[in-house]
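Okay, structure.csv now, which holds CSV, C-alpha atoms:
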```
chain,number,residue,atom,x,y,z
P,1,GLY,CA,101.7,12.6,50.7
P,2,ALA,CA,98.3,11.1,51.7
P,3,VAL,CA,95.8,10.8,48.9
P,4,VAL,CA,92.1,10.6,49.1
P,5,SER,CA,90.0,9.7,46.0
P,6,GLN,CA,86.4,10.2,45.2
P,7,HIS,CA,84.3,8.4,42.6
P,8,PRO,CA,82.6,9.6,40.5
P,9,SER,CA,83.9,13.0,39.9
P,10,ARG,CA,80.7,14.1,38.3
P,11,VAL,CA,77.2,12.6,38.2
P,12,ILE,CA,74.0,13.6,36.6
P,13,CYS,CA,70.8,11.9,37.7
P,14,LYS,CA,67.1,12.2,37.4
P,15,SER,CA,65.0,13.4,40.3
P,16,GLY,CA,63.9,10.5,42.5
P,17,THR,CA,66.9,8.3,41.9
P,18,SER,CA,69.7,7.4,44.3
P,19,VAL,CA,73.3,8.2,43.8
P,20,LYS,CA,76.3,6.6,45.6
P,21,ILE,CA,79.6,8.5,46.1
P,22,GLU,CA,82.7,6.6,47.2
P,23,CYS,CA,85.6,8.1,49.2
P,24,ARG,CA,88.8,6.1,49.5
P,25,SER,CA,92.0,6.8,51.4
P,26,LEU,CA,94.6,5.3,49.0
P,27,ASP,CA,97.8,5.1,51.1
P,28,PHE,CA,96.7,5.3,54.7
P,29,GLN,CA,94.1,4.0,57.0
P,30,ALA,CA,91.3,6.4,58.1
P,31,THR,CA,89.2,5.6,61.2
P,32,THR,CA,87.3,8.8,60.6
P,33,MET,CA,86.1,10.3,57.4
P,34,PHE,CA,84.0,13.5,57.1
P,35,TRP,CA,81.4,14.4,54.4
P,36,TYR,CA,80.9,18.0,53.4
P,37,ARG,CA,78.7,19.8,51.0
P,38,GLN,CA,79.6,23.0,49.2
P,39,PHE,CA,77.2,25.3,47.3
P,40,PRO,CA,78.6,27.8,44.8
P,41,LYS,CA,80.5,30.7,46.5
P,42,GLN,CA,79.8,29.2,49.9
P,43,SER,CA,81.9,27.5,52.5
P,44,LEU,CA,82.1,23.8,53.1
P,45,MET,CA,79.4,22.6,55.4
P,46,LEU,CA,80.0,19.5,57.4
P,47,MET,CA,77.2,17.0,56.9
P,48,ALA,CA,78.4,14.0,58.9
P,49,THR,CA,81.3,12.3,60.6
P,50,SER,CA,81.8,8.7,59.6
P,51,ASN,CA,83.6,6.3,61.9
P,52,GLU,CA,84.7,2.9,60.7
P,53,GLY,CA,82.5,0.1,62.0
P,54,SER,CA,79.9,2.4,63.6
P,55,LYS,CA,77.0,4.6,62.7
P,56,ALA,CA,77.7,8.0,61.3
P,57,THR,CA,77.1,11.2,63.3
P,58,TYR,CA,75.0,13.7,61.4
P,59,GLU,CA,75.1,17.5,61.8
P,60,GLN,CA,72.0,19.3,62.8
P,61,GLY,CA,69.6,19.7,59.9
P,62,VAL,CA,71.1,16.8,57.8
P,63,GLU,CA,68.6,14.0,57.2
P,64,LYS,CA,70.3,10.7,58.0
P,65,ASP,CA,67.6,8.7,56.0
P,66,LYS,CA,68.3,10.8,52.9
P,67,PHE,CA,72.1,10.8,53.1
P,68,LEU,CA,73.1,7.3,54.0
P,69,ILE,CA,76.7,6.9,55.1
P,70,ASN,CA,78.6,3.6,55.3
P,71,HIS,CA,82.2,3.2,56.5
P,72,ALA,CA,82.8,-0.5,56.2
P,73,SER,CA,86.6,-0.4,56.1
P,74,LEU,CA,89.5,1.7,57.1
P,75,THR,CA,89.9,2.9,53.6
P,76,LEU,CA,86.4,3.3,52.2
P,77,SER,CA,83.3,5.4,53.1
P,78,THR,CA,80.3,5.8,50.9
P,79,LEU,CA,77.6,8.5,50.8
P,80,THR,CA,74.3,7.6,49.2
P,81,VAL,CA,71.9,10.4,48.3
P,82,THR,CA,68.5,8.7,48.3
P,83,SER,CA,65.6,10.0,46.2
P,84,ALA,CA,67.6,12.9,45.0
P,85,HIS,CA,66.0,16.2,44.1
P,86,PRO,CA,67.3,19.2,42.3
P,87,GLU,CA,68.0,21.0,45.6
P,88,ASP,CA,70.5,18.2,46.4
P,89,SER,CA,72.6,19.4,43.5
P,90,SER,CA,75.9,20.4,45.0
P,91,PHE,CA,79.6,19.7,45.3
P,92,TYR,CA,80.2,16.8,47.8
P,93,ILE,CA,83.6,16.5,49.3
P,94,CYS,CA,85.0,13.9,51.7
P,95,SER,CA,88.0,14.1,53.9
P,96,ALA,CA,89.9,11.5,55.9
P,97,ARG,CA,92.1,11.6,59.0
P,98,ASP,CA,95.2,9.4,59.1
P,99,LEU,CA,94.9,6.6,61.7
P,100,ALA,CA,97.9,8.0,63.4
P,101,GLY,CA,96.7,11.5,63.1
P,102,TYR,CA,95.0,11.9,66.4
P,103,SER,CA,96.9,14.5,68.4
P,104,SER,CA,99.9,14.2,66.1
P,105,THR,CA,99.2,16.1,62.9
P,106,ASP,CA,95.4,16.6,63.1
P,107,THR,CA,95.6,16.9,59.4
P,108,GLN,CA,92.6,16.0,57.2
P,109,TYR,CA,93.2,15.0,53.6
P,110,PHE,CA,90.4,16.0,51.2
P,111,GLY,CA,89.1,14.2,48.2
P,112,PRO,CA,88.7,16.1,44.8
P,113,GLY,CA,85.0,16.3,45.3
P,114,THR,CA,82.0,15.0,43.4
P,115,ARG,CA,79.7,17.3,41.4
P,116,LEU,CA,76.1,16.1,41.7
P,117,THR,CA,73.5,17.5,39.3
P,118,VAL,CA,69.9,16.3,39.8
P,119,LEU,CA,67.6,17.1,36.9
J,1,SER,CA,78.8,27.1,66.8
J,2,GLN,CA,81.4,29.5,65.6
J,3,LYS,CA,80.8,32.4,63.2
J,4,ILE,CA,83.9,32.6,61.0
J,5,GLU,CA,84.5,35.6,58.9
J,6,GLN,CA,86.8,35.9,55.9
J,7,ASN,CA,87.0,38.8,53.5
J,8,SER,CA,84.4,38.1,50.9
J,9,GLU,CA,85.9,40.5,48.3
J,10,ALA,CA,88.6,39.1,46.1
J,11,LEU,CA,92.2,40.2,46.9
J,12,ASN,CA,93.9,41.4,43.7
J,13,ILE,CA,97.7,41.8,44.0
J,14,GLN,CA,100.7,42.2,41.8
J,15,GLU,CA,103.2,39.4,41.5
J,16,GLY,CA,106.0,39.7,44.0
J,17,LYS,CA,103.9,41.4,46.6
J,18,THR,CA,102.7,39.9,49.9
J,19,ALA,CA,99.0,38.9,50.2
J,20,THR,CA,97.5,39.1,53.7
J,21,LEU,CA,94.2,37.3,54.4
J,22,THR,CA,92.2,37.6,57.6
J,23,CYS,CA,90.1,35.0,59.5
J,24,ASN,CA,88.1,36.2,62.4
J,25,TYR,CA,86.0,34.1,64.7
J,26,THR,CA,83.5,35.0,67.4
J,27,ASN,CA,83.1,32.4,70.1
J,28,TYR,CA,85.3,29.9,71.8
J,29,SER,CA,89.0,29.6,71.0
J,30,PRO,CA,89.6,26.6,68.7
J,31,ALA,CA,91.9,23.8,69.6
J,32,TYR,CA,93.7,24.6,66.3
J,33,LEU,CA,93.2,26.5,63.1
J,34,GLN,CA,94.0,25.4,59.6
J,35,TRP,CA,94.4,27.2,56.3
J,36,TYR,CA,93.5,25.4,53.0
J,37,ARG,CA,93.8,26.3,49.4
J,38,GLN,CA,90.9,25.5,47.0
J,39,ASP,CA,91.0,25.7,43.3
J,40,PRO,CA,87.7,25.9,41.3
J,41,GLY,CA,85.9,22.5,41.1
J,42,ARG,CA,88.5,20.9,43.4
J,43,GLY,CA,88.7,19.8,47.0
J,44,PRO,CA,90.7,21.8,49.6
J,45,VAL,CA,94.4,21.3,50.0
J,46,PHE,CA,95.9,21.5,53.4
J,47,LEU,CA,98.5,24.3,53.8
J,48,LEU,CA,99.2,25.1,57.5
J,49,LEU,CA,98.0,24.2,61.0
J,50,ILE,CA,98.5,26.4,64.0
J,51,ARG,CA,97.5,25.5,67.5
J,52,GLU,CA,96.0,27.7,70.2
J,53,ASN,CA,99.2,27.9,72.1
J,54,GLU,CA,101.2,28.9,69.0
J,55,LYS,CA,101.7,32.5,67.8
J,56,GLU,CA,103.2,31.9,64.4
J,57,LYS,CA,103.9,29.2,61.8
J,58,ARG,CA,105.9,29.3,58.6
J,59,LYS,CA,106.1,27.1,55.6
J,60,GLU,CA,108.2,28.2,52.7
J,61,ARG,CA,106.5,31.4,51.4
J,62,LEU,CA,103.5,31.0,53.8
J,63,LYS,CA,103.1,32.4,57.2
J,64,VAL,CA,100.2,32.1,59.7
J,65,THR,CA,99.7,34.0,62.9
J,66,PHE,CA,97.1,33.3,65.6
J,67,ASP,CA,96.0,35.8,68.1
J,68,THR,CA,93.5,34.2,70.6
J,69,THR,CA,92.9,37.6,72.3
J,70,LEU,CA,91.8,39.2,69.0
J,71,LYS,CA,90.2,35.9,67.9
J,72,GLN,CA,92.0,36.3,64.6
J,73,SER,CA,94.4,34.6,62.3
J,74,LEU,CA,96.3,36.2,59.5
J,75,PHE,CA,97.6,34.3,56.5
J,76,HIS,CA,100.4,35.7,54.5
J,77,ILE,CA,101.7,34.7,51.1
J,78,THR,CA,105.1,36.4,50.4
J,79,ALA,CA,106.6,36.9,47.0
J,80,SER,CA,103.3,36.0,45.5
J,81,GLN,CA,103.1,34.3,42.1
J,82,PRO,CA,100.3,33.9,39.6
J,83,ALA,CA,100.2,30.2,40.5
J,84,ASP,CA,99.1,31.3,44.0
J,85,SER,CA,95.8,32.5,42.6
J,86,ALA,CA,93.1,30.4,44.3
J,87,THR,CA,90.5,30.7,47.1
J,88,TYR,CA,92.0,30.3,50.6
J,89,LEU,CA,89.9,28.9,53.4
J,90,CYS,CA,90.4,29.0,57.1
J,91,ALA,CA,89.0,26.2,59.2
J,92,LEU,CA,88.6,25.9,63.0
J,93,ALA,CA,88.6,22.7,65.0
J,94,GLU,CA,86.7,22.7,68.2
J,95,ASP,CA,88.7,19.9,69.6
J,96,SER,CA,91.3,17.3,68.6
J,97,TRP,CA,88.8,15.0,67.0
J,98,GLY,CA,89.0,16.8,63.8
J,99,LYS,CA,85.5,18.3,63.2
J,100,LEU,CA,86.2,21.4,61.2
J,101,GLN,CA,84.1,24.5,60.6
J,102,PHE,CA,85.1,26.5,57.5
J,103,GLY,CA,85.0,30.1,56.6
J,104,ALA,CA,83.6,31.0,53.1
J,105,GLY,CA,87.1,31.7,51.8
J,106,THR,CA,88.9,34.6,50.2
J,107,GLN,CA,89.8,34.6,46.5
J,108,VAL,CA,93.3,35.7,45.7
J,109,VAL,CA,94.2,36.8,42.2
J,110,VAL,CA,97.9,37.4,41.5
J,111,THR,CA,98.6,39.3,38.3
J,112,PRO,CA,102.0,39.2,36.5
```
For this file, write the structure as structure tokens.
Amino acid sequence: GAVVSQHPSRVICKSGTSVKIECRSLDFQATTMFWYRQFPKQSLMLMATSNEGSKATYEQGVEKDKFLINHASLTLSTLTVTSAHPEDSSFYICSARDLAGYSSTDTQYFGPGTRLTVL
Amino acid sequence: SQKIEQNSEALNIQEGKTATLTCNYTNYSPAYLQWYRQDPGRGPVFLLLIRENEKEKRKERLKVTFDTTLKQSLFHITASQPADSATYLCALAEDSWGKLQFGAGTQVVVTP
């Protein structure tokens, strides 16, 4: 089946630094990738929709200058948390839709997540 | 946006029994509804998708029903096994473009 990877799986950084998280679709092309954030015991909250070759669409309340998203190819999207603060500590998860998925399977494949801890 | 409600209390069941989980939503009928499994510290894993014009879907020991009148989906795990212990999330898609809204999930614990 389709596989989505994320790197790193865990990262600890100091407050004020920036952290980049990569999301890759390993065996399929994804025109659309989604970035979610999940706090303990809570649901996944969609942060932004990333479309290859265009600017990301951010959900209400998500600061686009703080969470920079780049989707430069059909298999890679990156999320950069700039000037991270302790309140940004969370579990960040990406998902990708198969290029052929529109109206066929509508299935999203999720990455394993990245645990970010900001000290 | 939707308000999606799943049982917040963990569901404890004995091995071999059927686990039934509920997902209720409040506003518009979604284009489709999905169920995912999530293990601690891991990303969600897709299980089943059911569309607004479908009543029931099955996959091995899993069954999903969708009642747009009640605005409810039920998720059943039959002949449950300890390996089924996980948190199960329902997610609603407003349209076919894939933007999902998730419920908080229900934890299932299957004891031998």
With a cut-off of 6 Å and counting all atoms listed in the file, select all residues of chain P in contact with chain J and give the selection as a VMD selection string. chain P and resid 42 to 44 110 to 113
Would you kindly return, as a list in words, each protein, DNA or RNA residue with an atom no farther than 12 Å from any atom of Asp27 of chain P, considering all atoms listed in the file and excluding same-chain residues fewer than 6 positions away? Gly1, Ala2, Val3, Val4, Ser5, Leu74, Thr75, Leu76, Ala96, Arg97, Asp98, Leu99 and Tyr109 of chain P
With distances taken over all atoms listed in the file, which of P:Leu68, P:Val118, P:Ile21, P:Ala56 is nearest to Tyr92 of chain P?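 Distance minimum relative to Tyr92 of chain P lands on P:Ile21.
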Would you compute, for all listed atoms of segment 69-73 of chain J, the axis-aligned bounding box grown by 4 Å on each side, and then report its centre and edge lengths in Å rounded to one decimal, as JSON?
```
{"center_x": 92.3, "center_y": 36.9, "center_z": 67.3, "size_x": 12.2, "size_y": 12.6, "size_z": 18.0}
```
Select, from J:Lys63, J:Lys3, J:Arg37, J:Lys55, the residue with the minimum atom-to-atom distance to Tyr88 of chain J, counting all atoms listed in the file.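 Result for the nearest residue to Tyr88 of chain J: J:Arg37.
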Show which residues sit within 8 Å of Ile12 of chain P, as number ranges by chain. Count only C-alpha atoms, and ignore same-chain residues fewer than 3 positions away. P: 116-119
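For the pair atom CA of Phe39 of chain P and atom CA of Ile50 of chain J, the interatomic distance is 27.1 Å.
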Pairwise distance for atom CA of Cys94 of chain P and atom CA of Phe75 of chain J, rounded to one decimal in Å: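 Atom CA of Cys94 of chain P sits 24.5 Å away from atom CA of Phe75 of chain J.
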Residues near Asn24 of chain J, anyone? I mean within 8 Å using only C-alpha atoms, not counting same-chain ones fewer than 4 positions away, as a list in words. Ile4, Glu5, Gln6, Lys71, Gln72 and Ser73 of chain J
For the residues in the current selection, export C-alpha atoms as a tab-separated table (two decimals), keeping the file's coordinate frame.
```tsv
chain	number	residue	atom	x	y	z
J	4	ILE	CA	83.90	32.60	61.00
J	5	GLU	CA	84.50	35.60	58.90
J	6	GLN	CA	86.80	35.90	55.90
J	71	LYS	CA	90.20	35.90	67.90
J	72	GLN	CA	92.00	36.30	64.60
J	73	SER	CA	94.40	34.60	62.30
```
Identify which of the residues P:Ser73, P:Gln108, P:Ser54, P:Ser89 lies closest to Glu22 of chain P, counting only C-alpha atoms when measuring atom-to-atom distances. P:Ser73
Quick one: residues within 9 Å of Pro30 of chain J, only C-alpha atoms counted, chain neighbours fewer than 5 positions away excluded, as a PyMOL selection string? chain J and resi 51-52+68+92-95
